[in-house]
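Chemist: Please find coords_27.cif (mmCIF, C-alpha atoms) on the next line:
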```
data_input
#
loop_
_atom_site.label_atom_id
_atom_site.label_comp_id
_atom_site.auth_asym_id
_atom_site.auth_seq_id
_atom_site.Cartn_x
_atom_site.Cartn_y
_atom_site.Cartn_z
CA MET D 1 112.74 -51.09 28.05
CA LEU D 2 110.02 -49.08 26.32
CA GLU D 3 110.89 -45.96 24.38
CA ALA D 4 108.79 -43.32 22.64
CA ARG D 5 109.99 -40.27 20.71
CA PHE D 6 107.80 -37.34 19.78
CA ARG D 7 107.51 -33.66 19.07
CA THR D 8 104.59 -31.70 20.41
CA ASP D 9 102.94 -28.49 19.31
CA ALA D 10 101.47 -25.69 21.40
CA ALA D 11 97.86 -26.88 20.99
CA GLU D 12 98.63 -30.43 22.13
CA HIS D 13 100.76 -29.11 24.99
CA GLU D 14 97.92 -26.85 26.17
CA ARG D 15 95.34 -29.69 25.99
CA ALA D 16 97.56 -31.98 28.05
CA GLY D 17 98.42 -29.15 30.45
CA ASN D 18 94.74 -28.47 31.06
CA LEU D 19 94.16 -32.15 31.84
CA ILE D 20 97.11 -32.23 34.25
CA ARG D 21 96.10 -28.98 35.96
CA GLY D 22 92.59 -30.35 36.37
CA ARG D 23 93.95 -33.35 38.25
CA ALA D 24 97.05 -32.10 40.10
CA GLU D 25 96.63 -29.79 43.05
CA GLY D 26 99.10 -26.93 43.17
CA SER D 27 100.06 -26.99 39.50
CA PHE D 28 99.44 -23.86 37.47
CA SER D 29 100.08 -22.12 34.20
CA LEU D 30 100.95 -18.47 33.68
CA LEU D 31 98.89 -18.20 30.50
CA PRO D 32 95.46 -17.95 32.20
CA MET D 33 96.90 -15.29 34.52
CA ILE D 34 97.42 -12.75 31.71
CA PRO D 35 93.86 -11.30 31.84
CA PHE D 36 94.12 -10.85 35.62
CA TRP D 37 97.51 -9.16 35.27
CA MET D 38 96.14 -6.85 32.57
CA ALA D 39 93.11 -5.92 34.72
CA LEU D 40 95.35 -5.25 37.71
CA SER D 41 97.62 -3.09 35.55
CA VAL D 42 94.69 -1.02 34.27
CA LEU D 43 93.38 -0.61 37.82
CA SER D 44 96.77 0.52 39.12
CA PHE D 45 97.04 2.95 36.19
CA ALA D 46 93.62 4.42 37.02
CA ILE D 47 94.47 4.75 40.73
CA GLN D 48 97.80 6.40 39.93
CA PHE D 49 96.21 9.07 37.77
CA ALA D 50 93.25 9.59 40.10
CA ALA D 51 95.68 10.21 42.96
CA SER D 52 97.86 12.59 40.95
CA ALA D 53 95.00 15.13 40.65
CA ARG D 54 95.93 16.06 37.14
CA GLU D 55 94.28 15.59 33.80
CA LEU D 56 94.90 12.35 31.96
CA ARG D 57 96.58 12.96 28.64
CA ALA D 58 95.53 10.86 25.65
CA TYR D 59 99.09 9.91 24.75
CA GLU D 60 99.66 8.53 28.28
CA LEU D 61 96.70 6.22 27.91
CA ALA D 62 97.85 5.13 24.45
CA VAL D 63 101.39 4.41 25.67
CA TYR D 64 100.09 2.43 28.63
CA ALA D 65 97.70 0.40 26.46
CA GLU D 66 100.51 -0.38 24.03
CA TRP D 67 102.74 -1.45 26.92
CA ILE D 68 100.12 -3.94 28.13
CA LEU D 69 99.65 -5.35 24.61
CA VAL D 70 103.41 -5.61 24.04
CA PHE D 71 103.83 -7.51 27.31
CA ALA D 72 101.01 -9.93 26.51
CA GLY D 73 102.29 -10.42 22.95
CA THR D 74 105.86 -10.97 24.12
CA PHE D 75 104.69 -13.54 26.67
CA CYS D 76 102.71 -15.45 24.05
CA MET D 77 105.61 -15.31 21.58
CA GLY D 78 107.89 -16.64 24.32
CA VAL D 79 105.58 -19.60 24.90
CA GLY D 80 105.59 -20.33 21.16
CA LEU D 81 109.39 -20.07 20.93
CA ALA D 82 109.82 -22.34 23.93
CA MET D 83 107.61 -24.95 22.27
CA ARG D 84 109.65 -24.79 19.04
CA ARG D 85 112.96 -25.02 20.92
CA GLN D 86 111.75 -27.96 22.94
CA GLY D 87 112.61 -30.27 20.07
CA GLU D 88 112.14 -33.99 20.28
CA LEU D 89 111.26 -35.61 23.59
CA THR D 90 112.16 -39.20 24.40
CA TRP D 91 110.42 -41.21 27.10
CA ARG D 92 112.12 -44.37 28.42
CA VAL D 93 110.63 -46.69 30.99
CA SER D 94 113.11 -48.71 33.03
CA ALA D 95 113.09 -50.63 36.29
CA ASP D 96 114.00 -47.56 38.34
CA GLY D 97 111.69 -44.96 36.77
CA ILE D 98 110.82 -42.90 33.73
CA ALA D 99 113.54 -40.96 31.94
CA ILE D 100 112.34 -38.02 29.89
CA HIS D 101 115.07 -36.69 27.64
CA ARG D 102 114.61 -33.13 26.46
CA PRO D 103 117.19 -31.16 24.48
CA ARG D 104 117.92 -28.71 27.28
CA ARG D 105 117.30 -30.70 30.44
CA PRO D 106 116.97 -34.45 30.87
CA LEU D 107 114.75 -35.61 33.70
CA HIS D 108 114.55 -38.84 35.65
CA VAL D 109 111.39 -39.63 37.65
CA PRO D 110 111.76 -42.53 40.08
CA TRP D 111 108.68 -44.72 40.44
CA GLY D 112 108.35 -43.78 44.12
CA ARG D 113 107.82 -40.08 43.32
CA ILE D 114 104.87 -40.70 41.02
CA VAL D 115 101.60 -39.69 42.67
CA ALA D 116 99.26 -40.83 39.90
CA VAL D 117 99.15 -42.22 36.40
CA ASP D 118 96.02 -41.38 34.44
CA GLU D 119 94.90 -42.37 30.99
CA THR D 120 92.70 -40.30 28.70
CA PRO D 121 91.70 -41.14 25.14
CA GLU D 122 94.56 -38.92 23.92
CA PHE D 123 97.33 -39.12 26.59
CA PHE D 124 99.00 -41.01 29.38
CA LEU D 125 99.42 -38.50 32.22
CA VAL D 126 102.12 -39.04 34.85
CA ARG D 127 101.74 -36.75 37.86
CA LEU D 128 104.09 -35.87 40.67
CA THR D 129 102.99 -33.64 43.55
CA THR D 130 102.86 -30.31 41.67
CA VAL D 131 103.95 -31.16 38.16
CA GLY D 132 102.86 -33.57 35.49
CA PHE D 133 104.11 -35.02 32.23
CA TYR D 134 102.22 -36.39 29.27
CA LEU D 135 102.83 -39.00 26.63
CA PRO D 136 100.62 -38.63 23.54
CA LYS D 137 99.12 -41.93 22.46
CA ARG D 138 99.53 -40.92 18.80
CA VAL D 139 103.26 -41.76 19.04
CA LEU D 140 102.72 -45.27 20.37
CA GLY D 141 101.61 -46.71 17.07
CA ASP D 142 99.10 -49.55 17.08
CA SER D 143 97.07 -50.82 20.03
CA GLY D 144 99.92 -53.21 20.90
CA GLY D 145 102.26 -50.32 21.64
CA GLU D 146 99.62 -48.57 23.68
CA GLY D 147 98.93 -51.79 25.61
CA ALA D 148 102.62 -52.29 26.37
CA TRP D 149 102.88 -48.76 27.79
CA ARG D 150 99.68 -49.22 29.80
CA THR D 151 100.96 -52.49 31.28
CA ALA D 152 104.39 -51.05 32.09
CA LEU D 153 102.93 -47.99 33.80
CA MET D 154 100.39 -50.04 35.76
CA GLU D 155 102.95 -52.61 36.95
CA ARG D 156 105.68 -50.19 37.92
CA ALA D 157 103.77 -47.22 39.31
CA GLY D 158 102.12 -49.47 41.90
CA PRO D 159 99.30 -47.83 43.87
CA ALA D 160 99.59 -44.67 41.79
CA SER D 161 98.54 -46.51 38.66
CA ASN D 162 94.84 -45.94 38.64
CA ILE D 163 94.66 -46.21 34.86
CA ASN D 164 91.14 -45.86 33.65
CA VAL D 165 90.25 -44.39 30.29
CA SER D 166 88.55 -41.11 31.14
CA GLY D 167 87.56 -37.97 29.29
#
```
What's the structure tokens form of this structure?
Modeler:
Amino acid sequence: MLEARFRTDAAEHERAGNLIRGRAEGSFSLLPMIPFWMALSVLSFAIQFAASARELRAYELAVYAEWILVFAGTFCMGVGLAMRRQGELTWRVSADGIAIHRPRRPLHVPWGRIVAVDETPEFFLVRLTTVGFYLPKRVLGDSGGEGAWRTALMERAGPASNINVSG
């Protein structure tokens, strides 16, 4: 049984998430949606005051702008706090699947549910239908550890294991 333990940071998590979202249909992240939400909020604010037929007061605009910034800041702080609380992750490969142990919620992924296994220079990416998981290669040690993981994923994931080093 192979095992890897690691902690990730927000930058690594975002890089891996971008790779997974680029490969998995239907997966998404809320972070890129913030500019759209802010634009929609400003538009709704403008429509509301245009329809009210009254003069826009400067303090109303300031309060609304602060509200948008507070929301965006709170969201980003929440993402950062979630990353710090995530703690150490442990990946274990066994005959029946991959077990990913996280402090708040352990997860077991049977081999039959895996849609694809991809390899990039930095990560092994395991994808289900709408979600993906990543294993940073930095935690695997030397090339022998990386080779053992590659072999295990290729053998057990079956047709989903299209492991080719890609960018």
Chemist: Name the residues that the PyMOL selection byres ((chain D and resi 151) around 12) picks from the file above, as a list in words, using the file's chain letters and numbers.
Modeler: Leu2, Val93, Val117, Glu119, Phe124, Gly144, Gly145, Glu146, Gly147, Ala148, Trp149, Arg150, Ala152, Leu153, Met154, Glu155, Arg156, Ala157, Gly158, Ser161, Asn162 and Ile163 of chain D
Chemist: In Å, with one decimal, what is the gap from CA of Leu128 in chain D to CA of Gly141 in chain D?
Modeler: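 Separation between CA of Leu128 in chain D and CA of Gly141 in chain D: 26.1 Å.
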Chemist: Can you translate the PyMOL selection byres ((chain D and resi 7-16) around 7) into the concrete residues it hits in this file, as a PyMOL selection string?
Modeler: chain D and resi 6+17-20+80+83+87-89+134
Chemist: What gap, in Å, lies between CA of Thr74 in chain D and CA of Arg102 in chain D?
Modeler: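 Distance reported for this atom pair: 23.9 Å.
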Chemist: Run the PyMOL selection byres ((chain D and resi 112) around 9) mentally over the shown coordinates, then write out the matched residues as number ranges by chain, using the chain letters and numbers from the document.
Modeler: D: 96-97, 109-111, 113-115, 157-158
Chemist: Give me, please, the distance in Å between CA of Glu55 in chain D and CA of Ser41 in chain D, quoted to one decimal.
Modeler: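 So the answer is 19.1 Å.
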Chemist: Which residue, D:Phe133, D:Ala116, D:Ala50, D:Val42, has the smallest gap to Ala99 in chain D when you use only C-alpha atoms?
Modeler: D:Phe133
Chemist: Counting only C-alpha atoms, figure out which residue out of D:Ala72, D:Met38, D:Leu135, D:Leu61 gets nearest to Arg92 in chain D.
Modeler: D:Leu135
